[in-house]
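File shown: data_39.csv. Contents: CSV, C-alpha atoms.
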chain,number,residue,atom,x,y,z
A,1423,MET,CA,91.1,-73.1,48.5
A,1424,LEU,CA,93.6,-75.3,46.7
A,1425,VAL,CA,91.8,-77.4,44.1
A,1426,ILE,CA,93.1,-79.9,41.6
A,1427,GLY,CA,91.1,-80.3,38.3
A,1428,LEU,CA,91.5,-83.5,36.4
A,1429,MET,CA,90.7,-83.8,32.7
A,1430,SER,CA,90.9,-86.3,29.9
A,1431,GLY,CA,89.4,-85.2,26.7
A,1432,THR,CA,88.0,-86.9,23.6
A,1433,SER,CA,91.5,-87.6,22.3
A,1434,TYR,CA,91.8,-90.0,25.3
A,1435,ASP,CA,95.6,-89.8,25.3
A,1436,GLY,CA,96.0,-89.2,29.0
A,1437,ILE,CA,95.1,-87.2,32.1
A,1438,ASP,CA,95.9,-83.5,32.8
A,1439,ALA,CA,96.0,-82.5,36.4
A,1440,ALA,CA,96.0,-78.7,37.1
A,1441,ALA,CA,96.3,-77.1,40.5
A,1442,ALA,CA,94.8,-73.8,41.3
A,1443,GLU,CA,94.4,-71.5,44.3
A,1444,LEU,CA,90.8,-70.2,44.1
A,1445,ARG,CA,89.2,-67.5,46.3
A,1446,LEU,CA,86.1,-65.4,46.1
A,1447,ALA,CA,86.4,-61.7,46.5
A,1448,GLY,CA,82.9,-60.2,46.2
A,1449,ASP,CA,81.6,-60.9,42.7
A,1450,THR,CA,85.0,-61.9,41.5
A,1451,LEU,CA,86.5,-65.4,41.5
A,1452,ARG,CA,90.3,-65.2,41.6
A,1453,LEU,CA,92.4,-68.0,40.1
A,1454,LYS,CA,96.1,-68.4,40.7
A,1455,PRO,CA,97.4,-71.2,38.4
A,1456,LEU,CA,99.9,-73.4,40.2
A,1457,GLY,CA,100.9,-75.6,37.3
A,1458,MET,CA,99.9,-78.9,35.6
A,1459,VAL,CA,101.2,-82.4,35.4
A,1460,SER,CA,100.2,-84.9,32.8
A,1461,GLU,CA,100.0,-88.7,32.9
A,1462,PRO,CA,99.6,-90.7,29.7
A,1463,TYR,CA,97.3,-93.7,29.8
A,1464,ASP,CA,99.4,-96.9,29.8
A,1465,PRO,CA,99.2,-98.6,26.4
A,1466,GLY,CA,97.0,-101.5,27.6
A,1467,LEU,CA,94.4,-99.1,29.1
A,1468,ARG,CA,94.5,-96.9,26.1
A,1469,ASP,CA,93.9,-99.9,23.8
A,1470,LEU,CA,91.0,-101.1,26.0
A,1471,LEU,CA,89.5,-97.6,25.9
A,1472,ALA,CA,89.9,-97.3,22.2
A,1473,GLY,CA,88.3,-100.6,21.6
A,1474,ALA,CA,85.3,-99.7,23.8
A,1475,LEU,CA,84.4,-96.4,22.0
A,1476,PRO,CA,81.5,-96.2,19.6
A,1477,PRO,CA,80.5,-97.8,17.4
A,1478,ALA,CA,82.0,-100.8,19.1
A,1479,ALA,CA,79.8,-103.2,21.1
A,1480,VAL,CA,81.2,-103.6,24.6
A,1481,PRO,CA,80.7,-106.2,27.3
A,1482,LEU,CA,79.8,-104.9,30.7
A,1483,ALA,CA,82.9,-106.6,32.1
A,1484,ASP,CA,85.0,-104.2,30.0
A,1485,VAL,CA,82.9,-101.2,31.2
A,1486,CYS,CA,83.6,-102.2,34.8
A,1487,ARG,CA,87.4,-102.7,34.1
A,1488,LEU,CA,87.5,-99.3,32.4
A,1489,ASP,CA,85.7,-97.5,35.2
A,1490,THR,CA,88.1,-99.0,37.7
A,1491,ARG,CA,91.3,-98.6,35.8
A,1492,ILE,CA,90.5,-95.1,34.6
A,1493,GLY,CA,89.6,-94.2,38.2
A,1494,GLN,CA,93.0,-95.6,39.4
A,1495,ALA,CA,94.8,-93.6,36.7
A,1496,PHE,CA,93.0,-90.4,37.7
A,1497,ALA,CA,93.8,-91.1,41.3
A,1498,ALA,CA,97.5,-91.5,40.5
A,1499,ALA,CA,97.5,-88.2,38.6
A,1500,ALA,CA,95.7,-86.4,41.5
A,1501,ALA,CA,98.1,-87.7,44.1
A,1502,ARG,CA,101.1,-86.6,42.0
A,1503,ALA,CA,99.6,-83.1,41.4
A,1504,ASP,CA,98.9,-82.8,45.2
A,1505,ALA,CA,102.5,-83.7,46.0
A,1506,GLU,CA,104.3,-81.8,43.3
A,1507,LEU,CA,102.1,-78.7,42.9
A,1508,CYS,CA,100.3,-78.2,46.2
A,1509,GLY,CA,102.8,-79.5,48.8
A,1510,GLU,CA,100.2,-82.1,49.8
A,1511,ALA,CA,97.9,-79.3,50.9
A,1512,ALA,CA,95.1,-79.6,48.3
A,1513,GLU,CA,91.6,-79.5,49.6
A,1514,LEU,CA,89.4,-80.7,46.8
A,1515,ILE,CA,89.7,-82.8,43.6
A,1516,ALA,CA,87.4,-82.1,40.6
A,1517,SER,CA,87.4,-85.0,38.2
A,1518,HIS,CA,85.8,-84.8,34.7
A,1519,GLY,CA,86.5,-88.5,34.1
A,1520,GLN,CA,86.7,-90.0,30.6
A,1521,THR,CA,83.8,-89.6,28.3
A,1522,VAL,CA,83.0,-92.9,26.6
A,1523,TYR,CA,79.5,-92.1,25.3
A,1524,HIS,CA,77.3,-89.0,24.6
A,1525,TRP,CA,73.8,-90.1,23.8
A,1526,VAL,CA,72.5,-87.6,21.2
A,1527,ASP,CA,69.3,-88.2,19.2
A,1528,GLY,CA,68.5,-85.3,16.8
A,1529,ASP,CA,68.7,-82.1,18.7
A,1530,ARG,CA,68.4,-83.7,22.2
A,1531,VAL,CA,70.9,-85.2,24.5
A,1532,HIS,CA,69.4,-88.1,26.5
A,1533,GLY,CA,72.4,-89.1,28.5
A,1534,THR,CA,76.2,-89.0,28.8
A,1535,LEU,CA,78.7,-91.4,30.4
A,1536,GLN,CA,82.0,-90.5,31.9
A,1537,LEU,CA,84.1,-93.3,33.5
A,1538,GLY,CA,86.7,-93.1,36.2
A,1539,GLN,CA,85.3,-94.2,39.6
A,1540,PRO,CA,85.9,-91.2,42.0
A,1541,ALA,CA,86.2,-93.5,45.0
A,1542,TRP,CA,89.7,-94.4,43.8
A,1543,ILE,CA,90.7,-90.8,43.8
A,1544,ALA,CA,89.2,-90.1,47.3
A,1545,GLU,CA,90.9,-93.2,48.6
A,1546,ALA,CA,94.3,-92.3,47.2
A,1547,THR,CA,94.3,-88.7,48.2
A,1548,GLY,CA,92.1,-88.6,51.2
A,1549,LEU,CA,90.3,-85.6,49.7
A,1550,PRO,CA,86.7,-85.0,48.7
A,1551,VAL,CA,86.0,-85.4,45.0
A,1552,VAL,CA,83.5,-83.8,42.7
A,1553,ALA,CA,82.8,-85.9,39.7
A,1554,ASP,CA,80.0,-86.7,37.2
A,1555,PHE,CA,79.6,-83.0,36.2
A,1556,ARG,CA,77.6,-83.5,33.0
A,1557,PRO,CA,74.5,-85.6,33.8
A,1558,ARG,CA,72.8,-82.9,36.0
A,1559,ASP,CA,72.7,-80.5,33.1
A,1560,VAL,CA,71.4,-83.2,30.8
A,1561,ALA,CA,68.7,-84.0,33.4
A,1562,ALA,CA,67.8,-80.3,33.3
A,1563,GLY,CA,67.2,-80.5,29.6
A,1564,GLY,CA,70.6,-79.3,28.5
A,1565,GLN,CA,73.3,-80.7,26.2
A,1566,GLY,CA,75.7,-81.4,29.1
A,1567,ALA,CA,78.3,-79.6,27.1
A,1568,PRO,CA,80.3,-77.5,26.6
A,1569,LEU,CA,80.6,-77.1,30.4
A,1570,VAL,CA,83.6,-74.9,30.2
A,1571,SER,CA,81.3,-72.2,28.8
A,1572,LEU,CA,80.5,-70.7,32.2
A,1573,VAL,CA,84.2,-70.4,33.0
A,1574,ASP,CA,84.8,-68.8,29.6
A,1575,LEU,CA,82.0,-66.3,30.1
A,1576,LEU,CA,83.4,-65.3,33.5
A,1577,TRP,CA,87.0,-65.1,32.2
A,1578,LEU,CA,86.3,-63.1,29.0
A,1579,ARG,CA,83.7,-60.7,30.5
A,1580,GLY,CA,84.7,-57.1,29.9
A,1581,ARG,CA,87.1,-57.9,27.1
A,1582,PRO,CA,86.5,-55.5,24.2
A,1583,GLY,CA,84.6,-56.6,21.0
A,1584,THR,CA,83.1,-60.0,20.7
A,1585,PRO,CA,85.8,-62.5,21.8
A,1586,VAL,CA,85.1,-66.2,21.6
A,1587,ALA,CA,86.8,-68.9,23.5
A,1588,LEU,CA,87.6,-71.9,21.3
A,1589,ASN,CA,88.8,-75.3,22.5
A,1590,ILE,CA,90.2,-77.7,20.0
A,1591,GLY,CA,90.3,-81.3,21.3
A,1592,GLY,CA,89.0,-84.4,19.7
A,1593,ILE,CA,85.8,-82.3,19.3
A,1594,ALA,CA,86.0,-78.5,19.0
A,1595,ASN,CA,83.7,-76.1,20.8
A,1596,LEU,CA,83.3,-72.4,21.3
A,1597,THR,CA,81.7,-70.0,23.7
A,1598,ALA,CA,80.5,-66.5,22.7
A,1599,PRO,CA,80.0,-63.5,25.1
A,1600,ASP,CA,76.2,-63.8,24.9
A,1601,GLY,CA,76.3,-67.3,26.2
A,1602,THR,CA,76.0,-69.1,22.9
A,1603,ALA,CA,78.1,-72.2,23.1
A,1604,PHE,CA,78.3,-75.4,21.1
A,1605,ASP,CA,80.4,-78.1,19.6
A,1606,THR,CA,81.5,-76.9,16.1
A,1607,GLY,CA,82.3,-80.5,15.0
A,1608,PRO,CA,85.4,-82.6,14.8
A,1609,GLY,CA,88.5,-80.9,16.2
A,1610,CYS,CA,91.3,-83.5,15.9
A,1611,ALA,CA,89.1,-86.6,16.0
A,1612,LEU,CA,89.1,-87.4,12.3
A,1613,VAL,CA,92.7,-86.2,11.8
A,1614,ASP,CA,93.8,-88.5,14.6
A,1615,ALA,CA,91.8,-91.4,13.2
A,1616,ALA,CA,93.3,-91.0,9.8
A,1617,ALA,CA,96.8,-90.8,11.2
A,1618,ARG,CA,96.3,-94.1,13.1
A,1619,GLU,CA,94.7,-95.9,10.1
A,1620,PHE,CA,97.3,-94.9,7.5
A,1621,SER,CA,100.2,-95.7,9.9
A,1622,GLY,CA,98.7,-99.1,11.0
A,1623,GLY,CA,98.4,-97.8,14.5
A,1624,ARG,CA,102.0,-96.6,14.8
A,1625,LEU,CA,100.9,-92.9,14.9
A,1626,ALA,CA,98.3,-91.6,17.4
A,1627,TYR,CA,98.1,-88.2,15.7
A,1628,ASP,CA,99.7,-86.1,13.0
A,1629,ALA,CA,102.6,-84.7,15.0
A,1630,ASP,CA,103.0,-80.9,14.3
A,1631,GLY,CA,100.7,-81.3,11.3
A,1632,ALA,CA,103.6,-82.6,9.3
A,1633,LEU,CA,101.7,-85.0,7.1
A,1634,ALA,CA,98.9,-82.5,6.4
A,1635,ALA,CA,101.5,-79.8,5.5
A,1636,ARG,CA,102.9,-82.1,2.8
A,1637,GLY,CA,99.4,-82.8,1.3
A,1638,ARG,CA,96.9,-81.1,-0.9
A,1639,VAL,CA,93.2,-80.7,0.0
A,1640,HIS,CA,91.0,-83.1,-2.0
A,1641,GLY,CA,88.0,-81.1,-3.1
A,1642,PRO,CA,85.4,-83.9,-3.5
A,1643,LEU,CA,86.2,-85.4,-0.1
A,1644,LEU,CA,86.1,-82.0,1.6
A,1645,GLU,CA,82.7,-81.3,-0.1
A,1646,ARG,CA,81.2,-84.6,1.1
A,1647,LEU,CA,82.5,-84.1,4.6
A,1648,SER,CA,81.3,-80.5,4.8
A,1649,ALA,CA,77.8,-81.6,3.8
A,1650,ASP,CA,77.2,-83.4,7.1
A,1651,PRO,CA,73.9,-82.1,8.4
A,1652,TYR,CA,75.4,-81.5,11.9
A,1653,TYR,CA,77.0,-78.3,10.8
A,1654,ALA,CA,73.7,-76.7,9.8
A,1655,ARG,CA,72.0,-77.4,13.1
A,1656,PRO,CA,71.3,-74.4,15.4
A,1657,ALA,CA,73.0,-74.1,18.7
A,1658,PRO,CA,73.0,-75.4,21.4
A,1659,LYS,CA,74.3,-78.6,20.0
A,1660,THR,CA,76.8,-81.2,20.9
A,1661,THR,CA,78.5,-84.2,19.2
A,1662,GLY,CA,81.3,-86.7,19.8
A,1663,LYS,CA,83.1,-89.6,18.5
A,1664,GLU,CA,79.8,-91.5,18.4
A,1665,ARG,CA,79.4,-89.6,15.1
A,1666,PHE,CA,82.9,-88.6,14.0
A,1667,HIS,CA,84.9,-91.9,14.1
A,1668,PRO,CA,87.0,-93.9,11.7
A,1669,GLY,CA,84.0,-95.7,10.2
A,1670,TYR,CA,82.4,-92.4,9.4
A,1671,LEU,CA,85.4,-91.4,7.5
A,1672,ARG,CA,85.6,-94.7,5.6
A,1673,ALA,CA,81.9,-94.5,4.7
A,1674,THR,CA,82.2,-90.9,3.5
A,1675,ALA,CA,85.1,-91.7,1.2
A,1676,ALA,CA,83.9,-95.2,0.2
A,1677,ASP,CA,83.2,-94.6,-3.5
A,1678,LEU,CA,85.8,-92.0,-4.2
A,1679,PRO,CA,88.7,-93.0,-6.5
A,1680,ALA,CA,91.1,-95.2,-4.6
A,1681,GLY,CA,94.7,-94.2,-3.8
A,1682,LEU,CA,94.1,-91.0,-1.9
A,1683,SER,CA,97.4,-90.5,0.0
A,1684,ALA,CA,97.8,-90.1,3.7
A,1685,GLU,CA,99.1,-86.6,3.2
A,1686,ASP,CA,96.2,-85.5,1.1
A,1687,THR,CA,93.6,-87.1,3.4
A,1688,LEU,CA,95.1,-85.4,6.4
A,1689,ALA,CA,95.3,-82.1,4.6
A,1690,THR,CA,91.7,-82.4,3.7
A,1691,LEU,CA,90.6,-83.3,7.3
A,1692,THR,CA,92.7,-80.5,8.7
A,1693,GLU,CA,91.0,-78.1,6.3
A,1694,LEU,CA,87.6,-79.5,7.3
A,1695,THR,CA,88.3,-78.7,11.0
A,1696,ALA,CA,89.5,-75.2,10.1
A,1697,ARG,CA,86.5,-74.4,7.9
A,1698,THR,CA,83.9,-75.7,10.2
A,1699,ILE,CA,85.4,-73.8,13.2
A,1700,ALA,CA,85.6,-70.6,11.0
A,1701,ASP,CA,82.0,-71.0,10.0
A,1702,ALA,CA,81.0,-71.2,13.6
A,1703,VAL,CA,83.1,-68.2,14.6
A,1704,ARG,CA,81.5,-66.1,11.8
A,1705,SER,CA,78.1,-67.2,12.9
A,1706,VAL,CA,78.5,-65.4,16.2
A,1707,ALA,CA,80.2,-62.3,14.6
A,1708,ALA,CA,83.4,-62.8,16.6
A,1709,THR,CA,86.1,-60.2,16.5
A,1710,GLU,CA,88.7,-62.3,18.3
A,1711,VAL,CA,89.4,-66.0,18.8
A,1712,ILE,CA,91.2,-67.2,22.0
A,1713,ALA,CA,92.0,-70.9,21.4
A,1714,SER,CA,93.1,-73.7,23.7
A,1715,GLY,CA,93.4,-77.4,23.6
A,1716,GLY,CA,95.7,-79.9,21.9
A,1717,GLY,CA,94.8,-78.7,18.4
A,1718,THR,CA,96.6,-75.5,19.1
A,1719,ARG,CA,99.8,-77.5,19.0
A,1720,ASN,CA,99.2,-78.4,15.3
A,1721,PRO,CA,100.8,-75.7,13.2
A,1722,ALA,CA,99.1,-76.8,10.0
A,1723,LEU,CA,95.7,-76.6,11.7
A,1724,MET,CA,96.4,-73.2,13.2
A,1725,ARG,CA,97.6,-71.8,9.8
A,1726,ALA,CA,94.5,-73.2,8.1
A,1727,LEU,CA,92.3,-71.6,10.8
A,1728,ALA,CA,94.0,-68.2,10.5
A,1729,ALA,CA,93.6,-68.4,6.7
A,1730,ALA,CA,89.9,-69.2,7.0
A,1731,LEU,CA,89.4,-66.2,9.3
A,1732,PRO,CA,91.0,-63.2,7.6
A,1733,GLY,CA,90.7,-60.1,9.7
A,1734,VAL,CA,89.9,-62.0,12.9
A,1735,PRO,CA,92.9,-62.5,15.2
A,1736,VAL,CA,93.4,-66.0,16.4
A,1737,ARG,CA,95.3,-66.2,19.7
A,1738,VAL,CA,96.0,-68.9,22.2
A,1739,SER,CA,94.9,-68.7,25.8
A,1740,ASP,CA,98.6,-68.6,26.9
A,1741,ASP,CA,98.7,-65.1,25.6
A,1742,LEU,CA,96.2,-64.1,28.3
A,1743,GLY,CA,98.0,-66.1,31.1
A,1744,LEU,CA,96.0,-69.3,31.0
A,1745,PRO,CA,98.1,-72.2,29.7
A,1746,SER,CA,96.3,-73.7,26.7
A,1747,ALA,CA,97.2,-77.3,27.6
A,1748,ALA,CA,95.8,-76.9,31.1
A,1749,LYS,CA,92.8,-74.7,30.4
A,1750,GLU,CA,90.1,-77.4,30.6
A,1751,ALA,CA,91.6,-78.9,33.7
A,1752,TYR,CA,91.6,-75.4,35.4
A,1753,ALA,CA,88.0,-75.0,34.2
A,1754,PHE,CA,86.9,-78.1,36.0
A,1755,ALA,CA,88.8,-77.0,39.1
A,1756,VAL,CA,86.6,-73.9,39.0
A,1757,LEU,CA,83.4,-76.0,38.5
A,1758,GLY,CA,84.3,-78.2,41.4
A,1759,PHE,CA,84.9,-75.2,43.6
A,1760,LEU,CA,81.5,-73.8,42.6
A,1761,THR,CA,79.8,-77.1,43.4
A,1762,LEU,CA,81.4,-77.4,46.8
A,1763,HIS,CA,80.1,-73.9,47.6
A,1764,GLY,CA,76.6,-74.6,46.4
A,1765,LEU,CA,76.8,-72.5,43.3
A,1766,ALA,CA,75.6,-73.3,39.8
A,1767,GLY,CA,78.1,-74.3,37.2
A,1768,THR,CA,76.1,-73.8,34.1
A,1769,ASP,CA,74.7,-71.0,32.0
A,1770,PRO,CA,71.4,-72.2,30.4
A,1771,ALA,CA,72.1,-70.0,27.3
A,1772,SER,CA,75.1,-72.2,26.7
A,1773,THR,CA,73.8,-75.7,27.2
A,1774,GLY,CA,70.0,-75.2,26.5
A,1775,ALA,CA,69.0,-76.3,30.0
A,1776,HIS,CA,65.8,-75.2,31.6
A,1777,HIS,CA,67.7,-73.6,34.5
A,1778,PRO,CA,71.2,-73.3,36.0
A,1779,SER,CA,72.4,-76.4,37.9
A,1780,ILE,CA,74.8,-77.2,40.7
A,1781,LEU,CA,76.8,-79.9,39.0
A,1782,GLY,CA,78.3,-83.2,39.9
A,1783,SER,CA,78.3,-85.7,42.8
A,1784,LEU,CA,80.4,-85.5,45.9
A,1785,THR,CA,82.5,-88.3,47.2
A,1786,PRO,CA,83.6,-87.6,50.8
A,1787,GLY,CA,87.3,-87.6,51.7
A,1788,ARG,CA,89.0,-89.5,54.5
A,1789,ASP,CA,87.8,-86.9,57.1
A,1790,GLY,CA,84.2,-86.8,55.9
A,1791,LEU,CA,82.6,-83.9,54.1
A,1792,ARG,CA,82.4,-80.4,55.5
A,1793,LEU,CA,80.9,-78.0,53.2
A,1794,PRO,CA,81.9,-74.3,53.3
A,1795,ALA,CA,79.2,-71.6,53.8
A,1796,ARG,CA,77.4,-70.7,50.6
A,1797,PRO,CA,78.5,-67.3,49.4
A,1798,GLU,CA,75.9,-64.5,49.3
A,1799,GLN,CA,76.5,-64.0,45.6
A,1800,ALA,CA,77.8,-66.0,42.7
A,1801,PRO,CA,80.9,-64.7,40.9
A,1802,VAL,CA,80.3,-62.7,37.7
A,1803,ARG,CA,83.9,-62.6,36.6
A,1804,LEU,CA,87.1,-64.6,36.8
A,1805,GLU,CA,90.4,-63.0,37.2
A,1806,LEU,CA,93.8,-64.6,36.9
A,1807,GLU,CA,96.5,-63.9,39.5
A,1808,LEU,CA,99.8,-64.4,37.7
A,1809,GLU,CA,103.3,-64.5,39.1
A,1810,LEU,CA,105.3,-61.5,37.9
A,1811,GLU,CA,108.7,-62.6,36.4
Whole structure given in structure tokens:
Amino acid sequence: MLVIGLMSGTSYDGIDAAAAELRLAGDTLRLKPLGMVSEPYDPGLRDLLAGALPPAAVPLADVCRLDTRIGQAFAAAAARADAELCGEAAELIASHGQTVYHWVDGDRVHGTLQLGQPAWIAEATGLPVVADFRPRDVAAGGQGAPLVSLVDLLWLRGRPGTPVALNIGGIANLTAPDGTAFDTGPGCALVDAAAREFSGGRLAYDADGALAARGRVHGPLLERLSADPYYARPAPKTTGKERFHPGYLRATAADLPAGLSAEDTLATLTELTARTIADAVRSVAATEVIASGGGTRNPALMRALAAALPGVPVRVSDDLGLPSAAKEAYAFAVLGFLTLHGLAGTDPASTGAHHPSILGSLTPGRDGLRLPARPEQAPVRLELELELE
């Protein structure tokens, strides 16, 4: 089955559309990566989205506009991926949508909201769409995240030692072989926020970690940031920009001596991300880190992470054949495939749910909805089928 996975993460810079050929062979799910296309959000939509994120108060009119315009943007990305990667032969779209709020109170998640109306995707492509993946796990008592954990468990099963899969987006998360999975804290969220603030909005992020590389870690600020009680909470746990946003950074640094430079601030925030990830990696006694996500393209962050984990190899998923930039989009293609086949897409050990759940809601395509037969067994491993050069 040809499936397109659509993903826009907590950095909300645009949409990744990855196409995969997926097939079940006994207890093994085989994934052949077909490539990825990316579509940045247009500036007006990005600004509307940025202005709607917590802690902002948002009119319902803006929520409606965002749901529609994000859905249309996802639809355009899906149609492009179908044409360019699948020869217009795709059979299913799996859309994560854009997270705008993750309702966490203490150790419990009460709700989660992803915008991007799937009807626009179904209308533009004519294909069935699986969307709204996270709420079902929340309804089952889970955190609703990290949902890529099941895919990570299938993919890394049988690898020697204790490998962990790490994704560094706006928020960072990891998955360990025993099913332990959680958000470690901010990935690039605070680094990106500081880059925007210091540049007056000119910079969306610290490109190549260049600013951080020129700065020095500010000990008092790092100590304050590291004292956030989130880091001491046991797994499973999740967080988001509801907690780690520009106002959080300003409040934490409020009574420190004025004049901290952009470079020193970014160096400090980069070190915070590296240390909190490293602490999480050590907590599960990992022997290897396989990283993906936008943060892997920040050399300053990757150097800091390697320095914080002496003796633990830090690799990127590209080394194992799964493109880092596309990994989450491929993961949601897998989750959509599982849903269409009536198979659970969660591991309760990862999300804290009471039981595994079949995820998402299905929007029929132009020809209605014809479900394939449910397989006799769920896959226990994921294997990549790679083109030999």
Taking all atoms listed in the file into account, produce a table as a tab-separated table in which each residue of stretch 1566-1615 of chain A with an atom at most 8 Å from an atom of stretch 1661-1679 of chain A appears once, together with its shortest atom pair and the distance in Å to one decimal, ordered by chain and rising number.
residue	atom	partner	partner_atom	distance
A:Gly1592	CA	A:Lys1663	CA	8.0
A:Ile1593	CA	A:Gly1662	CA	6.3
A:Asp1605	CA	A:Thr1661	CA	6.4
A:Gly1607	CA	A:Thr1661	CA	6.8
A:Pro1608	CA	A:Phe1666	CA	6.5
A:Ala1611	CA	A:Phe1666	CA	6.8
A:Leu1612	CA	A:His1667	CA	6.4
A:Ala1615	CA	A:Pro1668	CA	5.6
- Could you pull the residues within 8 Å of stretch 1426-1428 of chain A, counting only C-alpha atoms, minus those fewer than 4 positions along the same chain, as a list of chain:residue names? A:Ile1437, A:Asp1438, A:Ala1439, A:Ala1440, A:Ala1441, A:Ala1442, A:Phe1496, A:Ala1499, A:Ala1500, A:Ala1503, A:Asp1504, A:Ala1512, A:Leu1514, A:Ile1515, A:Ala1516, A:Ser1517, A:His1518, A:Gly1519, A:Ala1751, A:Tyr1752, A:Ala1753, A:Phe1754, A:Ala1755, A:Val1756, A:Gly1758
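If only C-alpha atoms are the atoms counted, then among A:Gly1583, A:Thr1698, A:Asp1484, A:Ala1680 the closest residue to A:Asp1650 is A:Thr1698.
The neighbours of A:His1763 here are the residues that come within 8 Å of it, using all atoms listed in the file and leaving out any residue fewer than 5 positions away in the same chain; they are A:Leu1793, A:Pro1794, A:Ala1795, A:Arg1796, A:Pro1797.
With only C-alpha atoms as the atoms that count, the residue of A:Arg1636, A:Arg1452, A:Arg1530, A:Arg1487 with the shortest distance to A:Leu1467 is A:Arg1487.
Each of A:Val1736, A:Ala1594, A:Ala1689, A:Leu1784 was compared to A:Ala1702 using all atoms listed in the file, and A:Ala1594 turns out to be the nearest.
Between atom CA of A:Ala1696 and atom CA of A:Met1724 lies a distance of 7.8 Å.
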Would you pick out the contacts of A:Gly1436 at 7 Å or less, using all atoms listed in the file, so that residues sharing its chain but fewer than 6 positions from it are not included, and give the list as a PyMOL selection string? chain A and resi 1430+1461-1463
re atom CA of A:Ile1780 and atom CA of A:Glu1805: distance 21.4 Å
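With only C-alpha atoms as the atoms that count, the residue of A:Asn1720, A:Thr1584, A:Gln1539, A:Ser1648 with the shortest distance to A:Asp1489 is A:Gln1539.
Reported to one decimal place, the separation of atom CA of A:Val1738 from atom CA of A:Arg1638 is 26.1 Å.
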